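Chemist: Structure file structure.cif, mmCIF, C-alpha atoms, is pasted below:
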data_model
loop_
_atom_site.group_PDB
_atom_site.id
_atom_site.type_symbol
_atom_site.label_atom_id
_atom_site.label_comp_id
_atom_site.auth_asym_id
_atom_site.auth_seq_id
_atom_site.Cartn_x
_atom_site.Cartn_y
_atom_site.Cartn_z
ATOM 1 C CA MET A 30 -17.366 5.412 4.474
ATOM 2 C CA SER A 31 -18.670 6.856 1.226
ATOM 3 C CA GLU A 32 -21.808 5.738 -0.507
ATOM 4 C CA ALA A 33 -21.508 3.542 -3.605
ATOM 5 C CA SER A 34 -22.450 5.055 -6.926
ATOM 6 C CA SER A 35 -22.497 3.923 -10.518
ATOM 7 C CA VAL A 36 -19.870 5.130 -12.988
ATOM 8 C CA VAL A 37 -19.891 4.663 -16.759
ATOM 9 C CA VAL A 38 -16.521 3.875 -18.317
ATOM 10 C CA HIS A 39 -15.616 3.227 -21.949
ATOM 11 C CA LEU A 40 -13.258 0.494 -23.098
ATOM 12 C CA LEU A 41 -12.653 0.143 -26.839
ATOM 13 C CA ASP A 42 -15.748 2.199 -27.571
ATOM 14 C CA LYS A 43 -17.928 -0.066 -25.437
ATOM 15 C CA GLU A 44 -19.783 1.305 -22.430
ATOM 16 C CA PHE A 45 -19.577 -0.386 -19.033
ATOM 17 C CA ARG A 46 -21.427 0.655 -15.876
ATOM 18 C CA VAL A 47 -19.378 -0.041 -12.745
ATOM 19 C CA ALA A 48 -20.339 0.418 -9.096
ATOM 20 C CA CYS A 49 -17.758 2.086 -6.894
ATOM 21 C CA PRO A 50 -17.570 4.267 -3.778
ATOM 22 C CA ALA A 51 -18.145 7.933 -4.589
ATOM 23 C CA ASP A 52 -14.706 8.906 -3.265
ATOM 24 C CA GLU A 53 -13.045 6.444 -5.692
ATOM 25 C CA LYS A 54 -14.842 7.673 -8.818
ATOM 26 C CA GLU A 55 -11.899 9.690 -10.178
ATOM 27 C CA ASN A 56 -9.476 6.802 -9.584
ATOM 28 C CA LEU A 57 -11.808 4.417 -11.411
ATOM 29 C CA ILE A 58 -12.106 6.793 -14.365
ATOM 30 C CA ARG A 59 -8.303 7.176 -14.523
ATOM 31 C CA ALA A 60 -7.862 3.397 -14.335
ATOM 32 C CA ALA A 61 -10.410 2.892 -17.121
ATOM 33 C CA ARG A 62 -8.637 5.431 -19.348
ATOM 34 C CA PHE A 63 -5.325 3.721 -18.678
ATOM 35 C CA LEU A 64 -6.830 0.311 -19.469
ATOM 36 C CA ASP A 65 -8.490 1.657 -22.620
ATOM 37 C CA ASP A 66 -5.136 3.019 -23.817
ATOM 38 C CA LYS A 67 -3.425 -0.321 -23.157
ATOM 39 C CA MET A 68 -6.207 -2.240 -24.919
ATOM 40 C CA ARG A 69 -5.901 0.073 -27.926
ATOM 41 C CA GLU A 70 -2.147 -0.613 -28.039
ATOM 42 C CA VAL A 71 -2.821 -4.361 -28.091
ATOM 43 C CA ARG A 72 -5.507 -3.963 -30.762
ATOM 44 C CA ALA A 73 -3.081 -1.879 -32.868
ATOM 45 C CA SER A 74 -0.708 -4.857 -32.932
ATOM 46 C CA ASN A 75 -3.337 -6.771 -34.948
ATOM 47 C CA VAL A 76 -4.927 -8.706 -32.105
ATOM 48 C CA LEU A 77 -8.567 -9.258 -32.984
ATOM 49 C CA GLY A 78 -11.593 -9.820 -30.782
ATOM 50 C CA LEU A 79 -12.485 -8.022 -27.574
ATOM 51 C CA GLU A 80 -11.917 -11.067 -25.393
ATOM 52 C CA ARG A 81 -8.473 -11.767 -26.853
ATOM 53 C CA ILE A 82 -7.513 -8.088 -26.581
ATOM 54 C CA ALA A 83 -8.650 -8.078 -22.935
ATOM 55 C CA VAL A 84 -6.688 -11.245 -22.128
ATOM 56 C CA MET A 85 -3.514 -10.038 -23.860
ATOM 57 C CA THR A 86 -3.797 -6.671 -22.103
ATOM 58 C CA ALA A 87 -4.283 -8.393 -18.738
ATOM 59 C CA LEU A 88 -1.216 -10.571 -19.358
ATOM 60 C CA ASN A 89 0.884 -7.550 -20.355
ATOM 61 C CA LEU A 90 -0.211 -5.613 -17.257
ATOM 62 C CA ALA A 91 0.408 -8.628 -14.997
ATOM 63 C CA HIS A 92 3.884 -8.985 -16.490
ATOM 64 C CA GLU A 93 4.647 -5.298 -15.886
ATOM 65 C CA LEU A 94 3.331 -5.577 -12.322
ATOM 66 C CA LEU A 95 5.508 -8.597 -11.568
ATOM 67 C CA GLN A 96 8.585 -6.892 -13.031
ATOM 68 C CA THR A 97 7.945 -3.769 -10.970
ATOM 69 C CA SER A 98 7.292 -5.825 -7.855
ATOM 70 C CA GLY A 99 10.538 -7.730 -8.379
ATOM 71 C CA ALA A 100 12.478 -4.510 -8.873
ATOM 72 C CA LEU A 101 11.003 -3.020 -5.705
ATOM 73 C CA SER A 102 11.803 -6.200 -3.794
ATOM 74 C CA GLN A 103 15.397 -6.050 -5.043
ATOM 75 C CA GLN A 104 15.659 -2.396 -4.007
ATOM 76 C CA SER A 105 14.356 -3.285 -0.560
ATOM 77 C CA SER A 106 16.881 -6.107 -0.289
ATOM 78 C CA ASP A 107 19.668 -3.766 -1.422
ATOM 79 C CA GLY A 108 18.527 -1.214 1.153
ATOM 80 C CA ASP A 109 18.679 -3.846 3.906
ATOM 81 C CA ARG A 110 22.225 -4.805 2.902
ATOM 82 C CA ILE A 111 23.283 -1.148 2.790
ATOM 83 C CA GLY A 112 21.767 -0.618 6.242
ATOM 84 C CA LYS A 113 23.740 -3.564 7.638
ATOM 85 C CA LEU A 114 26.955 -2.313 6.044
ATOM 86 C CA LEU A 115 26.384 1.176 7.452
ATOM 87 C CA GLY A 116 25.854 -0.364 10.881
ATOM 88 C CA LYS A 117 29.187 -2.195 10.595
ATOM 89 C CA VAL A 118 30.974 0.958 9.415
ATOM 90 C CA GLU A 119 29.489 2.973 12.296
ATOM 91 C CA ALA A 120 30.560 0.295 14.805
ATOM 92 C CA GLU A 121 34.104 0.312 13.395
ATOM 93 C CA LEU A 122 34.256 4.114 13.479
ATOM 94 C CA LYS A 123 33.109 4.131 17.110
ATOM 95 C CA GLU A 124 35.728 1.527 17.979
ATOM 96 C CA LEU A 125 38.441 3.590 16.251
ATOM 97 C CA ASP A 126 37.240 6.703 18.071
ATOM 98 C CA ASP A 127 37.379 4.839 21.408
ATOM 99 C CA ILE A 128 40.911 3.583 20.658
ATOM 100 C CA SER A 129 41.986 7.076 19.629
ATOM 101 C CA ARG A 130 40.619 8.615 22.847
ATOM 102 C CA GLN A 131 42.199 5.898 24.977
ATOM 103 C CA SER A 132 45.518 6.358 23.205
ATOM 104 C CA ALA A 133 45.375 10.122 23.671
ATOM 105 C CA SER A 134 44.655 9.811 27.398
ATOM 106 C CA ASN A 135 47.573 7.357 27.839
ATOM 107 C CA GLN A 136 50.155 9.587 26.174
ATOM 108 C CA VAL A 137 52.873 10.963 28.432
ATOM 109 C CA TYR A 138 53.958 14.548 27.851
#
Would you encode the structure as structure tokens?
Modeler:
Amino acid sequence: MSEASSVVVHLLDKEFRVACPADEKENLIRAARFLDDKMREVRASNVLGLERIAVMTALNLAHELLQTSGALSQQSSDGDRIGKLLGKVEAELKELDDISRQSASNQVY
């Protein structure tokens, strides 16, 4: 387990000191840059006040997360259905192969 350290991040030109494990420092910095970019986008749409910008950004990110989660869930569900269909197709192919072999062995020459 890595030792916790303090990292300074900047959000909308404000400085925040955040504690995090040393091995997560780069991820925290990347996340802060991402969040800063998103907050700047919200501010550019004429939302005023740091608190309101933060709340609107959080809502936008939560919305994106839920959409992505739903899409992944749908893909998983689709994958399950495809797997079941493939299983049925494989079972039918095996049955046809068995019938074909049985028919070939019963043929009189």
Chemist: Rank A:Val38, A:Ala33, A:Val118, A:Val71 by their smallest atom-to-atom distance to Ala87 of chain A, using only C-alpha atoms, and report the top residue only.
Modeler: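 Counting only C-alpha atoms, the residue closest to Ala87 of chain A is A:Val71.
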Chemist: Using only C-alpha atoms, pick whichever of A:Arg130, A:Lys43, A:Arg110, A:Arg69 has the shortest atom-to-atom distance to Met85 of chain A.
Modeler: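 Going through A:Arg130, A:Lys43, A:Arg110, A:Arg69 one by one, the smallest distance to Met85 of chain A is for A:Arg69.
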Chemist: Need the shell around Leu79 of chain A: protein/DNA/RNA residues with any atom at most 10 Å away, counting all atoms listed in the file. Skip same-chain ones fewer than 5 positions apart. Format as an NGL selection string?
Modeler: :A and (40-41 or 43 or 68 or 72 or 84-85)
Chemist: Would you mind telling me which residue in A:Gln96, A:Ser34, A:Gln131, A:Thr86 lies nearest to Leu64 of chain A when using all atoms listed in the file?
Modeler: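 Nearest candidate to Leu64 of chain A out of A:Gln96, A:Ser34, A:Gln131, A:Thr86: A:Thr86.
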Chemist: Since I can't run it myself right now, could you work out what the PyMOL selection byres ((chain A and resi 49-58) around 12) selects here and report it as a CSV table (one decimal) with C-alpha atoms, in the coordinates of the input?
Modeler:
chain,number,residue,atom,x,y,z
A,30,MET,CA,-17.4,5.4,4.5
A,31,SER,CA,-18.7,6.9,1.2
A,32,GLU,CA,-21.8,5.7,-0.5
A,33,ALA,CA,-21.5,3.5,-3.6
A,34,SER,CA,-22.4,5.1,-6.9
A,35,SER,CA,-22.5,3.9,-10.5
A,36,VAL,CA,-19.9,5.1,-13.0
A,37,VAL,CA,-19.9,4.7,-16.8
A,38,VAL,CA,-16.5,3.9,-18.3
A,39,HIS,CA,-15.6,3.2,-21.9
A,40,LEU,CA,-13.3,0.5,-23.1
A,45,PHE,CA,-19.6,-0.4,-19.0
A,46,ARG,CA,-21.4,0.7,-15.9
A,47,VAL,CA,-19.4,0.0,-12.7
A,48,ALA,CA,-20.3,0.4,-9.1
A,59,ARG,CA,-8.3,7.2,-14.5
A,60,ALA,CA,-7.9,3.4,-14.3
A,61,ALA,CA,-10.4,2.9,-17.1
A,62,ARG,CA,-8.6,5.4,-19.3
A,63,PHE,CA,-5.3,3.7,-18.7
A,64,LEU,CA,-6.8,0.3,-19.5
A,65,ASP,CA,-8.5,1.7,-22.6
Chemist: How far is it from atom CA of Lys123 of chain A to atom CA of Ser105 of chain A, in Å with one decimal?
Modeler: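 Between atom CA of Lys123 of chain A and atom CA of Ser105 of chain A the gap works out to 26.8 Å.
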Chemist: As lines of an AutoDock Vina configuration file, what would the box around segment 53-70 of chain A look like: edges along x, y and z, 4 Å added on every side, centre and edge lengths in Å to one decimal?
Modeler:
center_x = -8.5
center_y = 3.7
center_z = -16.9
size_x = 20.7
size_y = 19.9
size_z = 30.3
Chemist: Can you measure atom CA of Val76 of chain A to atom CA of Ala91 of chain A for me? One decimal in Å is fine.
Modeler: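 That distance, rounded to one decimal, is 17.9 Å.
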